file final_18.cif (mmCIF, C-alpha atoms)
data_data
loop_
_atom_site.label_atom_id
_atom_site.label_comp_id
_atom_site.auth_asym_id
_atom_site.auth_seq_id
_atom_site.Cartn_x
_atom_site.Cartn_y
_atom_site.Cartn_z
CA MET W 1 70.19 -1.43 -14.32
CA LYS W 2 67.76 1.45 -14.84
CA GLU W 3 65.21 -0.98 -16.28
CA LEU W 4 65.60 -3.23 -13.25
CA ILE W 5 64.88 -0.33 -10.88
CA VAL W 6 61.74 0.67 -12.79
CA ARG W 7 60.46 -2.91 -12.76
CA SER W 8 61.15 -3.22 -9.05
CA VAL W 9 59.31 0.00 -8.26
CA LEU W 10 56.34 -1.10 -10.35
CA SER W 11 56.26 -4.49 -8.65
CA ALA W 12 56.41 -2.81 -5.28
CA CYS W 13 53.47 -0.57 -6.23
CA VAL W 14 51.38 -3.53 -7.37
CA LEU W 15 52.21 -5.39 -4.20
CA MET W 16 51.29 -2.39 -2.08
CA ILE W 17 47.91 -2.25 -3.81
CA LEU W 18 47.39 -5.97 -3.24
CA PHE W 19 48.46 -5.55 0.35
CA PHE W 20 45.91 -2.80 0.84
CA ILE W 21 43.10 -4.77 -0.82
CA PHE W 22 43.67 -8.05 0.97
CA ALA W 23 45.09 -7.03 4.30
CA ILE W 24 44.11 -3.51 5.21
CA PHE W 25 40.65 -3.07 3.69
CA PRO W 26 38.87 -5.89 5.57
CA ALA W 27 40.19 -4.63 8.85
CA PHE W 28 39.10 -1.12 7.98
CA SER W 29 35.65 -2.21 6.93
CA GLU W 30 35.18 -3.98 10.25
CA GLU W 31 34.73 -0.64 11.96
CA VAL W 32 32.92 1.37 9.33
CA GLY W 33 30.70 -0.61 7.03
CA PRO W 34 29.47 0.89 3.80
CA LYS W 35 26.14 2.64 3.98
CA VAL W 36 23.59 0.21 2.69
CA PRO W 37 20.29 1.23 1.24
CA VAL W 38 17.19 0.22 3.17
CA PRO W 39 15.06 -2.00 0.96
CA PRO W 40 11.52 -1.11 0.10
CA VAL W 41 8.70 -2.47 2.21
CA THR W 42 7.43 -5.05 -0.23
CA ALA W 43 4.31 -5.58 1.76
CA ALA W 44 2.25 -8.56 0.81
CA GLY W 45 0.14 -6.01 2.48
CA PRO W 46 -3.41 -5.61 3.49
CA SER W 47 -4.44 -5.69 -0.16
CA GLN W 48 -3.69 -9.38 -0.15
CA ALA W 49 -4.20 -10.27 3.46
CA GLN W 50 -7.00 -7.97 4.49
CA GLN W 51 -8.43 -6.52 1.29
CA VAL W 52 -7.54 -2.98 2.25
CA LYS W 53 -5.30 -0.52 0.50
CA PRO W 54 -1.62 -1.40 0.90
CA ILE W 55 1.11 0.92 1.99
CA GLN W 56 2.74 2.12 -1.19
CA VAL W 57 5.47 4.25 0.28
CA GLU W 58 9.10 3.36 0.10
CA PRO W 59 11.53 4.59 2.71
CA GLY W 60 12.74 8.03 1.80
CA GLU W 61 9.90 8.55 -0.63
CA GLU W 62 7.58 11.41 0.16
CA ILE W 63 3.86 10.86 -0.16
CA PRO W 64 2.73 13.70 -2.43
CA ASP W 65 0.44 16.33 -1.02
CA TRP W 66 -2.31 15.69 -3.54
CA LEU W 67 -2.46 12.00 -2.62
CA ALA W 68 -2.78 12.81 1.09
CA ARG W 69 -5.50 15.33 0.26
CA TRP W 70 -7.32 12.78 -1.86
CA GLU W 71 -7.31 10.33 1.05
CA LEU W 72 -8.46 13.13 3.35
CA ALA W 73 -11.32 13.94 0.96
CA ARG W 74 -12.45 10.32 1.07
CA VAL W 75 -12.32 10.09 4.85
CA LEU W 76 -14.28 13.35 5.17
CA SER W 77 -16.97 11.86 2.94
CA TYR W 78 -17.17 8.75 5.16
CA VAL W 79 -18.18 10.95 8.10
CA LYS W 80 -20.59 12.92 5.90
CA ARG W 81 -18.58 16.13 6.08
CA TYR W 82 -19.46 16.64 2.44
CA ASP W 83 -18.59 20.32 2.06
CA GLU W 84 -15.11 19.80 3.48
CA SER W 85 -14.68 16.68 1.36
CA ILE W 86 -15.66 18.52 -1.82
CA ALA W 87 -13.25 21.35 -0.95
CA GLU W 88 -10.43 18.81 -0.68
CA TYR W 89 -11.42 17.14 -3.96
CA GLN W 90 -11.35 20.55 -5.62
CA LYS W 91 -7.81 21.15 -4.36
CA VAL W 92 -6.72 17.73 -5.62
CA LEU W 93 -8.29 18.32 -9.03
CA LYS W 94 -6.77 21.77 -9.29
CA GLU W 95 -3.37 20.13 -9.03
CA LYS W 96 -4.27 16.94 -10.95
CA PRO W 97 -7.07 17.82 -13.37
CA GLY W 98 -6.65 14.55 -15.23
CA LEU W 99 -7.40 12.42 -12.19
CA MET W 100 -10.72 10.98 -13.38
CA GLU W 101 -11.12 8.62 -10.42
CA ALA W 102 -11.07 11.60 -8.05
CA ARG W 103 -13.46 13.47 -10.34
CA ILE W 104 -15.95 10.59 -10.24
CA GLU W 105 -15.61 10.30 -6.44
CA MET W 106 -16.29 14.01 -6.10
CA ALA W 107 -19.44 13.59 -8.20
CA LYS W 108 -20.58 10.87 -5.80
CA VAL W 109 -20.02 13.14 -2.80
CA LEU W 110 -22.00 15.90 -4.53
CA PHE W 111 -24.77 13.36 -5.17
CA TRP W 112 -24.81 12.26 -1.51
CA LYS W 113 -24.92 15.91 -0.52
CA GLY W 114 -28.00 16.33 -2.71
CA ASP W 115 -26.34 18.45 -5.38
CA GLN W 116 -27.49 16.45 -8.39
CA THR W 117 -26.74 19.19 -10.88
CA GLY W 118 -23.18 19.55 -9.61
CA ALA W 119 -22.71 15.78 -9.77
CA SER W 120 -24.08 15.66 -13.32
CA ASN W 121 -21.83 18.48 -14.44
CA ILE W 122 -18.78 16.71 -13.06
CA LEU W 123 -19.70 13.38 -14.65
CA GLU W 124 -20.34 14.98 -18.00
CA SER W 125 -16.75 16.20 -17.95
CA VAL W 126 -15.47 12.62 -17.61
CA PRO W 127 -14.56 11.11 -21.01
CA ALA W 128 -16.55 7.97 -21.87
CA LYS W 129 -13.39 5.85 -21.88
CA ASP W 130 -12.71 6.82 -18.25
CA MET W 131 -16.21 6.05 -17.01
CA THR W 132 -15.92 3.25 -14.49
CA GLY W 133 -18.79 0.92 -13.72
CA ASP W 134 -19.51 2.86 -10.54
CA ALA W 135 -19.56 6.11 -12.48
CA LYS W 136 -22.05 4.68 -14.97
CA VAL W 137 -24.36 3.61 -12.14
CA LEU W 138 -24.02 7.00 -10.50
CA MET W 139 -24.77 8.73 -13.77
CA ALA W 140 -27.80 6.49 -14.25
CA ASP W 141 -28.98 7.24 -10.69
CA LEU W 142 -28.71 10.94 -11.49
CA PHE W 143 -30.78 10.51 -14.64
CA VAL W 144 -33.38 8.55 -12.65
CA ALA W 145 -33.53 11.34 -10.05
CA GLN W 146 -34.24 13.75 -12.92
CA LYS W 147 -36.77 11.25 -14.39
CA GLU W 148 -34.69 10.92 -17.53
CA TYR W 149 -35.29 7.17 -17.63
CA ALA W 150 -34.42 6.73 -21.29
CA LYS W 151 -30.86 7.93 -20.58
CA ALA W 152 -30.50 5.86 -17.41
CA GLY W 153 -31.55 2.50 -18.90
CA PRO W 154 -28.58 1.97 -21.26
CA LEU W 155 -26.15 2.92 -18.49
CA TYR W 156 -27.61 0.37 -16.05
CA ARG W 157 -27.63 -2.29 -18.79
CA ASP W 158 -24.09 -1.49 -19.81
CA TYR W 159 -22.97 -1.88 -16.21
CA LEU W 160 -24.92 -5.11 -15.72
CA GLU W 161 -23.32 -6.66 -18.77
CA SER W 162 -19.99 -6.61 -16.97
CA HIS W 163 -21.45 -7.07 -13.45
CA PRO W 164 -24.38 -9.51 -13.91
CA GLU W 165 -24.17 -10.55 -10.26
CA ASP W 166 -24.92 -7.07 -8.93
CA GLN W 167 -28.54 -7.57 -7.93
CA ALA W 168 -28.79 -4.15 -6.25
CA VAL W 169 -28.22 -2.39 -9.56
CA ARG W 170 -30.51 -4.87 -11.36
CA LEU W 171 -33.22 -3.95 -8.84
CA LYS W 172 -32.75 -0.27 -9.70
CA LEU W 173 -33.23 -1.14 -13.36
CA ALA W 174 -36.27 -3.33 -12.60
CA ASP W 175 -37.85 -0.53 -10.55
CA MET W 176 -37.14 2.06 -13.19
CA LEU W 177 -38.66 -0.10 -15.93
CA SER W 178 -41.81 -0.53 -13.83
CA TRP W 179 -42.12 3.26 -13.40
CA GLN W 180 -41.89 3.50 -17.18
CA LYS W 181 -44.73 0.94 -17.35
CA LYS W 182 -42.42 -1.44 -19.25
CA TYR W 183 -43.80 -4.26 -17.13
CA ASP W 184 -42.57 -7.23 -19.12
CA ALA W 185 -39.01 -5.93 -19.16
CA SER W 186 -39.25 -5.08 -15.45
CA LEU W 187 -40.64 -8.52 -14.54
CA ALA W 188 -37.85 -10.18 -16.51
CA GLU W 189 -35.28 -8.36 -14.39
CA TYR W 190 -37.15 -9.22 -11.18
CA ARG W 191 -37.12 -12.90 -12.17
CA LYS W 192 -33.33 -12.76 -12.61
CA ILE W 193 -32.98 -11.21 -9.15
CA LEU W 194 -35.27 -13.78 -7.55
CA LYS W 195 -33.38 -16.59 -9.24
CA ALA W 196 -30.24 -15.34 -7.50
CA ARG W 197 -31.99 -14.42 -4.23
CA PRO W 198 -35.08 -16.65 -3.96
CA ASP W 199 -35.52 -15.95 -0.23
CA ASP W 200 -35.58 -12.18 -0.55
CA ILE W 201 -39.11 -11.40 0.64
CA GLN W 202 -38.90 -7.66 -0.05
CA VAL W 203 -37.92 -8.22 -3.69
CA ARG W 204 -40.64 -10.84 -4.12
CA ARG W 205 -43.27 -8.42 -2.76
CA ARG W 206 -42.10 -5.71 -5.16
CA TYR W 207 -42.23 -8.29 -7.97
CA ALA W 208 -45.80 -9.09 -6.93
CA PHE W 209 -46.79 -5.41 -7.09
CA VAL W 210 -45.38 -5.12 -10.64
CA LEU W 211 -47.38 -8.24 -11.55
CA ILE W 212 -50.50 -6.46 -10.21
CA TRP W 213 -49.70 -3.33 -12.25
CA ALA W 214 -49.24 -5.59 -15.29
CA GLY W 215 -52.73 -7.05 -14.66
CA LYS W 216 -51.40 -10.50 -13.71
CA HIS W 217 -53.39 -10.73 -10.48
CA ALA W 218 -53.32 -14.51 -10.09
CA ASP W 219 -49.53 -14.61 -10.46
CA ALA W 220 -49.23 -11.71 -8.02
CA ALA W 221 -51.38 -13.52 -5.46
CA ALA W 222 -49.20 -16.63 -5.77
CA GLU W 223 -46.05 -14.58 -5.25
CA LEU W 224 -47.52 -12.74 -2.25
CA LYS W 225 -48.57 -16.05 -0.73
CA LYS W 226 -44.96 -17.23 -1.01
CA THR W 227 -43.88 -14.26 1.09
CA LEU W 228 -46.29 -15.27 3.86
CA ASP W 229 -45.23 -18.95 4.03
CA MET D 1 67.95 -4.67 0.38
CA LYS D 2 67.20 -5.88 -3.09
CA PRO D 3 63.82 -4.85 -4.56
CA SER D 4 62.93 -8.46 -5.21
CA VAL D 5 63.40 -9.27 -1.53
CA VAL D 6 61.21 -6.31 -0.56
CA ALA D 7 58.59 -7.52 -2.96
CA ALA D 8 58.72 -11.02 -1.57
CA CYS D 9 58.42 -9.69 1.97
CA LEU D 10 55.38 -7.63 1.07
CA ILE D 11 53.72 -10.63 -0.57
CA VAL D 12 54.33 -12.73 2.50
CA ILE D 13 53.02 -9.98 4.80
CA ALA D 14 49.91 -9.53 2.69
CA LEU D 15 49.15 -13.24 2.58
CA LEU D 16 49.85 -13.75 6.27
CA THR D 17 47.75 -10.78 7.29
CA THR D 18 44.85 -11.93 5.15
CA ALA D 19 45.11 -15.47 6.43
CA ALA D 20 45.36 -14.27 10.00
CA TYR D 21 42.33 -12.03 9.57
CA HIS D 22 40.27 -14.89 8.17
CA LEU D 23 41.37 -17.17 11.00
CA LEU D 24 40.95 -14.69 13.82
CA LYS D 25 37.88 -12.81 12.62
CA PRO D 26 35.80 -15.23 10.53
CA ASP D 27 32.54 -13.69 11.74
CA TRP D 28 33.49 -10.28 10.42
CA ILE D 29 34.27 -11.84 7.04
CA LEU D 30 30.83 -13.48 7.11
CA PHE D 31 29.19 -10.25 8.19
CA ARG D 32 30.80 -8.32 5.33
CA LYS D 33 29.52 -11.03 2.98
CA ALA D 34 25.97 -10.62 4.33
CA GLU D 35 26.24 -6.84 4.11
CA THR D 36 27.32 -7.13 0.49
CA TYR D 37 24.29 -9.28 -0.30
CA PHE D 38 22.13 -6.78 1.57
CA SER D 39 23.50 -3.79 -0.30
CA GLU D 40 22.95 -5.63 -3.58
CA LYS D 41 19.36 -6.33 -2.44
CA ALA D 42 20.04 -10.07 -2.56
CA PHE D 43 17.99 -10.40 0.62
CA SER D 44 17.25 -14.10 0.43
CA GLN D 45 21.00 -14.77 0.26
CA ALA D 46 21.73 -12.34 3.08
CA ILE D 47 19.21 -13.89 5.49
CA PRO D 48 20.92 -17.26 6.17
CA VAL D 49 24.28 -15.54 6.66
CA TYR D 50 22.83 -13.02 9.13
CA ALA D 51 20.93 -15.83 10.89
CA ARG D 52 24.08 -17.93 11.20
CA LEU D 53 25.93 -14.96 12.69
CA LEU D 54 23.14 -14.41 15.20
CA GLU D 55 23.27 -18.06 16.24
CA ARG D 56 26.99 -17.70 16.80
CA GLY D 57 26.42 -14.76 19.10
CA PHE D 58 28.07 -12.28 16.78
CA GLU D 59 27.25 -8.68 17.55
CA ALA D 60 27.30 -5.75 15.13
CA PRO D 61 25.14 -2.64 15.23
CA ALA D 62 23.29 -3.28 11.99
CA LEU D 63 23.06 -7.07 12.10
CA VAL D 64 19.65 -7.63 13.69
CA SER D 65 18.04 -4.63 12.05
CA HIS D 66 19.26 -5.66 8.61
CA LEU D 67 18.05 -9.21 9.19
CA GLY D 68 14.62 -7.84 10.04
CA THR D 69 14.60 -5.62 6.99
CA ALA D 70 15.69 -8.54 4.80
CA TYR D 71 12.79 -10.60 6.19
CA VAL D 72 10.39 -7.77 5.31
CA ALA D 73 11.83 -7.47 1.81
CA THR D 74 11.32 -11.19 1.19
CA GLY D 75 7.80 -11.19 2.59
CA ARG D 76 8.66 -13.13 5.75
CA PHE D 77 6.71 -10.75 7.93
CA ARG D 78 6.27 -12.97 10.98
CA GLU D 79 10.01 -13.45 11.35
CA ALA D 80 10.53 -9.75 10.69
CA ALA D 81 7.97 -8.80 13.33
CA ALA D 82 9.68 -11.05 15.89
CA ILE D 83 13.04 -9.42 15.12
CA PHE D 84 11.74 -5.85 15.39
CA GLU D 85 9.69 -6.60 18.50
CA ASP D 86 12.86 -7.93 20.10
CA ILE D 87 14.87 -4.85 19.10
CA LEU D 88 12.19 -2.53 20.44
CA ARG D 89 11.94 -4.44 23.71
CA LYS D 90 15.59 -3.58 24.30
CA ALA D 91 15.52 -0.08 22.77
CA PRO D 92 11.93 1.22 22.49
CA ASP D 93 12.89 4.48 20.78
CA LYS D 94 14.55 3.09 17.64
CA LEU D 95 12.80 5.03 14.92
CA GLN D 96 13.44 2.90 11.85
CA GLU D 97 12.42 -0.24 13.69
CA LEU D 98 9.29 1.44 15.08
CA LYS D 99 8.23 2.31 11.56
CA GLU D 100 9.11 -1.09 10.11
CA LEU D 101 7.18 -2.93 12.82
CA ALA D 102 4.18 -0.62 12.45
CA ASN D 103 4.19 -1.24 8.69
CA ILE D 104 4.25 -4.99 9.30
CA TYR D 105 1.31 -4.75 11.71
CA VAL D 106 -0.59 -2.78 9.07
CA ALA D 107 0.27 -5.44 6.51
CA PHE D 108 -1.43 -7.96 8.79
CA GLY D 109 -4.38 -5.64 9.39
CA GLN D 110 -3.36 -5.15 13.03
CA PHE D 111 -4.03 -1.43 12.94
CA LYS D 112 -4.54 -1.09 16.69
CA LYS D 113 -1.02 -2.36 17.27
CA ALA D 114 0.46 -0.15 14.53
CA ILE D 115 -1.11 3.13 15.65
CA PRO D 116 0.80 3.59 18.95
CA LEU D 117 4.06 2.78 17.18
CA TYR D 118 3.50 5.49 14.57
CA GLN D 119 2.49 7.85 17.38
CA THR D 120 5.70 7.10 19.30
CA PHE D 121 7.67 7.71 16.12
CA LEU D 122 5.94 11.06 15.62
CA GLN D 123 6.70 12.15 19.16
CA GLN D 124 10.33 12.09 18.16
CA GLU D 125 9.88 13.25 14.57
CA PRO D 126 6.71 15.36 14.55
CA TYR D 127 7.42 16.80 11.11
CA ASN D 128 7.72 13.46 9.33
CA ARG D 129 4.85 13.80 6.85
CA SER D 130 5.06 10.27 5.46
CA VAL D 131 4.74 8.63 8.85
CA ARG D 132 1.91 11.00 9.80
CA ILE D 133 0.05 9.94 6.67
CA LEU D 134 0.71 6.29 7.50
CA LEU D 135 -0.77 6.98 10.94
CA ALA D 136 -3.77 8.69 9.33
CA ARG D 137 -4.30 5.66 7.07
CA ALA D 138 -4.09 3.23 9.99
CA LEU D 139 -6.59 5.34 11.95
CA SER D 140 -8.90 5.47 8.96
CA TRP D 141 -8.68 1.71 8.34
CA SER D 142 -9.53 1.07 11.98
CA GLY D 143 -12.62 3.28 11.68
CA ARG D 144 -11.23 6.21 13.70
CA PHE D 145 -12.13 8.69 11.00
CA ASP D 146 -12.15 11.88 13.07
CA GLU D 147 -8.65 11.21 14.37
CA ALA D 148 -7.53 10.30 10.85
CA ILE D 149 -8.82 13.63 9.55
CA VAL D 150 -6.81 15.51 12.20
CA GLU D 151 -3.64 13.67 11.17
CA TYR D 152 -4.26 14.15 7.45
CA ARG D 153 -4.82 17.87 8.03
CA LYS D 154 -1.54 18.13 9.94
CA ALA D 155 0.23 16.22 7.16
CA VAL D 156 -0.99 18.49 4.39
CA GLY D 157 -0.24 21.58 6.46
CA ASP D 158 -3.82 22.66 7.11
CA GLU D 159 -3.27 22.37 10.83
CA THR D 160 -0.17 22.56 12.97
#
call {"tool": "encode", "arguments": {"input": "final_18.cif", "output": "structure tokens"}}
result
Amino acid sequence: MKELIVRSVLSACVLMILFFIFAIFPAFSEEVGPKVPVPPVTAAGPSQAQQVKPIQVEPGEEIPDWLARWELARVLSYVKRYDESIAEYQKVLKEKPGLMEARIEMAKVLFWKGDQTGASNILESVPAKDMTGDAKVLMADLFVAQKEYAKAGPLYRDYLESHPEDQAVRLKLADMLSWQKKYDASLAEYRKILKARPDDIQVRRRYAFVLIWAGKHADAAAELKKTLD
Amino acid sequence: MKPSVVAACLIVIALLTTAAYHLLKPDWILFRKAETYFSEKAFSQAIPVYARLLERGFEAPALVSHLGTAYVATGRFREAAAIFEDILRKAPDKLQELKELANIYVAFGQFKKAIPLYQTFLQQEPYNRSVRILLARALSWSGRFDEAIVEYRKAVGDET
């Protein structure tokens, strides 16, 4: 008899639980749904559609101060407020000293401001493995400004190995080689540029001048004639 | 009454109640199913269920908004934009939807359309740093650098 009572009570309990799960809970959930998390904005964003930086923030996630400052530093540089930009870069780097990309950008801003020494100092603190192509070109530009052509050449060449289509940088190298009176090497670079941009009159005229400096007057005359046609 | 009879009664009640609920409130059952998918981030499964409920004229506070968010999460931005635009036509001060729609406009490079939405959001939540930075980015990407700088400065606490 006692066993029967226990079994009955247990059955009743199980049934009550089932009753709650199947009958009561749906009705309850009708009024108050569970709090659901808002999904992240998985933007196939401007990076894909418009080639601009995508929004990387998920709902609830705070954009860190240093990132906002970094963006601010960039925007300040766009409007040539270099001193303010550099101040912001310094704040970012104080908090994130290992942020080499910001360090290189700051060097660029210093360069644009005319502080070549400051830019050089910054770039020298960037480990070789972190030197981006842009940083190498900037470093080379700085060496050229200081007439240290021998140091600039390998940097331009290194960059051009991975960016052979960048004719603007190749032109810098061609010019620099001509200033060093390495005319054959300079002319070789000019020919590569003109192969890619045969209608560029300005480049062809510069090529003609290097031909003159190299004593190849007839070739120079032919090239100059092309620019007049 | 015998315990076995009580048990039988409870079983019958439970089954009848469940059956009745499914018969009388099928849309709520469907909605809970969609919400479960949504909470599990199974957005592509949630979308058709939400859409079917909308077609049937079912109304629940989170339905349309969650459908829009699910569209965003699955990269169906045009559908998402249409949903949020519709919500904001009826209730222009809905913050989450303002932000979602602005983010979609930015994703499509429509910065000029995104900027006023972020600004409206910030009128109601002026201390929301993230949205202020999103506004600053949109201003910057649309070439309004001076305004972007002001917003960035506010966001990082250099200006109040």
call {"tool": "resolve_selection", "arguments": {"input": "final_18.cif", "expression": "the PyMOL selection byres ((chain D and resi 56-61) around 12)", "output": "list of chain:residue names"}}
result
W:Glu30, W:Glu31, W:Val32, W:Gly33, D:Lys25, D:Pro26, D:Asp27, D:Trp28, D:Ile29, D:Leu30, D:Phe31, D:Arg32, D:Ala34, D:Glu35, D:Val49, D:Tyr50, D:Ala51, D:Arg52, D:Leu53, D:Leu54, D:Glu55, D:Ala62, D:Leu63, D:Val64, D:Ser65, D:His66, D:Leu67, D:Ile87
call {"tool": "closest_residue", "arguments": {"input": "final_18.cif", "among": "D:Gln96, D:Ser130, D:Gln45, D:Gln123", "to": "chain W", "atoms": "all atoms listed in the file"}}
result
D:Ser130
call {"tool": "resolve_selection", "arguments": {"input": "final_18.cif", "expression": "the PyMOL selection byres ((chain D and resi 118-121) around 9)", "output": "list in words"}}
result
Asp93, Lys94, Leu95, Gln96, Leu98, Lys99, Ala102, Asn103, Ala114, Ile115, Pro116, Leu117, Leu122, Gln123, Gln124, Glu125, Pro126, Asn128, Val131, Arg132, Leu134 and Leu135 of chain D
call {"tool": "atom_distance", "arguments": {"input": "final_18.cif", "atom1": "atom CA of Ser162 of chain W", "atom2": "atom CA of Asp141 of chain W"}}
result
17.7 Å
call {"tool": "residues_around", "arguments": {"input": "final_18.cif", "residues": "segment 68-84 of chain W", "least_positions_apart": "3", "cutoff": "8 Å", "atoms": "all atoms listed in the file", "output": "list in words"}}
result
Ile63, Pro64, Asp65, Ala87, Glu88, Tyr89, Lys91, Val92, Ala102, Val109, Leu110, Trp112 and Lys113 of chain W; Ile133, Ser140, Phe145, Asp146, Ala148, Ile149, Tyr152, Arg153, Ala155 and Val156 of chain D
call {"tool": "residues_around", "arguments": {"input": "final_18.cif", "residues": "Asp86 of chain D", "least_positions_apart": "3", "cutoff": "12 Å", "atoms": "only C-alpha atoms", "output": "MDAnalysis selection string"}}
result
chainID D and resid 64:65 68 79:83 89:92 94 97:98 101
call {"tool": "atom_distance", "arguments": {"input": "final_18.cif", "atom1": "atom CA of Lys192 of chain W", "atom2": "atom CA of Leu177 of chain W"}}
result
14.1 Å
call {"tool": "resolve_selection", "arguments": {"input": "final_18.cif", "expression": "the PyMOL selection byres ((chain W and resi 226) around 12)", "output": "mmCIF file with C-alpha atoms, in the frame of the given file"}}
result
data_model
loop_
_atom_site.group_PDB
_atom_site.id
_atom_site.type_symbol
_atom_site.label_atom_id
_atom_site.label_comp_id
_atom_site.auth_asym_id
_atom_site.auth_seq_id
_atom_site.Cartn_x
_atom_site.Cartn_y
_atom_site.Cartn_z
ATOM 1 C CA PRO W 198 -35.080 -16.650 -3.960
ATOM 2 C CA ASP W 199 -35.520 -15.950 -0.230
ATOM 3 C CA ASP W 200 -35.580 -12.180 -0.550
ATOM 4 C CA ILE W 201 -39.110 -11.400 0.640
ATOM 5 C CA GLN W 202 -38.900 -7.660 -0.050
ATOM 6 C CA VAL W 203 -37.920 -8.220 -3.690
ATOM 7 C CA ARG W 204 -40.640 -10.840 -4.120
ATOM 8 C CA ARG W 205 -43.270 -8.420 -2.760
ATOM 9 C CA TYR W 207 -42.230 -8.290 -7.970
ATOM 10 C CA ALA W 208 -45.800 -9.090 -6.930
ATOM 11 C CA ASP W 219 -49.530 -14.610 -10.460
ATOM 12 C CA ALA W 220 -49.230 -11.710 -8.020
ATOM 13 C CA ALA W 221 -51.380 -13.520 -5.460
ATOM 14 C CA ALA W 222 -49.200 -16.630 -5.770
ATOM 15 C CA GLU W 223 -46.050 -14.580 -5.250
ATOM 16 C CA LEU W 224 -47.520 -12.740 -2.250
ATOM 17 C CA LYS W 225 -48.570 -16.050 -0.730
ATOM 18 C CA THR W 227 -43.880 -14.260 1.090
ATOM 19 C CA LEU W 228 -46.290 -15.270 3.860
ATOM 20 C CA ASP W 229 -45.230 -18.950 4.030
#
call {"tool": "closest_residue", "arguments": {"input": "final_18.cif", "among": "W:Ser186, W:Asn121, W:Ser85, W:Gln116", "to": "chain D", "atoms": "all atoms listed in the file"}}
result
W:Ser85
call {"tool": "axis_aligned_box", "arguments": {"input": "final_18.cif", "around": "segment 209-212 of chain W", "padding_each_side": "5 Å", "output": "JSON"}}
result
{"center_x": -47.9, "center_y": -6.7, "center_z": -9.3, "size_x": 15.1, "size_y": 13.1, "size_z": 14.5}
call {"tool": "atom_distance", "arguments": {"input": "final_18.cif", "atom1": "atom CA of Tyr105 of chain D", "atom2": "atom CA of Glu62 of chain W"}}
result
20.8 Å
call {"tool": "closest_residue", "arguments": {"input": "final_18.cif", "among": "D:Arg78, D:Arg129, D:Lys112, D:Lys33", "to": "chain W", "atoms": "all atoms listed in the file"}}
result
D:Arg129
call {"tool": "build_atoms", "arguments": {"input": "final_18.cif", "residues": "segment 214-227 of chain W", "atoms": "N, CA and C atoms", "output": "short mmCIF file (atom, residue, chain, number, x, y, z; two decimals), in the coordinates of the input"}}
result
data_model
loop_
_atom_site.label_atom_id
_atom_site.label_comp_id
_atom_site.auth_asym_id
_atom_site.auth_seq_id
_atom_site.Cartn_x
_atom_site.Cartn_y
_atom_site.Cartn_z
N ALA W 214 -49.21 -5.02 -13.93
CA ALA W 214 -49.24 -5.59 -15.29
C ALA W 214 -50.55 -6.36 -15.53
N GLY W 215 -51.43 -6.38 -14.52
CA GLY W 215 -52.73 -7.05 -14.66
C GLY W 215 -52.66 -8.55 -14.44
N LYS W 216 -51.53 -9.04 -13.93
CA LYS W 216 -51.40 -10.50 -13.71
C LYS W 216 -51.71 -10.79 -12.24
N HIS W 217 -52.99 -10.67 -11.88
CA HIS W 217 -53.39 -10.73 -10.48
C HIS W 217 -53.18 -12.11 -9.87
N ALA W 218 -53.47 -13.15 -10.64
CA ALA W 218 -53.32 -14.51 -10.09
C ALA W 218 -51.85 -14.79 -9.76
N ASP W 219 -50.98 -14.41 -10.70
CA ASP W 219 -49.53 -14.61 -10.46
C ASP W 219 -49.08 -13.80 -9.24
N ALA W 220 -49.59 -12.58 -9.15
CA ALA W 220 -49.23 -11.71 -8.02
C ALA W 220 -49.65 -12.34 -6.70
N ALA W 221 -50.86 -12.89 -6.69
CA ALA W 221 -51.38 -13.52 -5.46
C ALA W 221 -50.49 -14.69 -5.05
N ALA W 222 -50.07 -15.47 -6.06
CA ALA W 222 -49.20 -16.63 -5.77
C ALA W 222 -47.87 -16.17 -5.19
N GLU W 223 -47.35 -15.10 -5.75
CA GLU W 223 -46.05 -14.58 -5.25
C GLU W 223 -46.20 -14.03 -3.83
N LEU W 224 -47.31 -13.30 -3.60
CA LEU W 224 -47.52 -12.74 -2.25
C LEU W 224 -47.70 -13.85 -1.22
N LYS W 225 -48.36 -14.91 -1.64
CA LYS W 225 -48.57 -16.05 -0.73
C LYS W 225 -47.22 -16.64 -0.31
N LYS W 226 -46.31 -16.69 -1.32
CA LYS W 226 -44.96 -17.23 -1.01
C LYS W 226 -44.29 -16.41 0.10
N THR W 227 -44.55 -15.10 0.09
CA THR W 227 -43.88 -14.26 1.09
C THR W 227 -44.48 -14.44 2.48
#
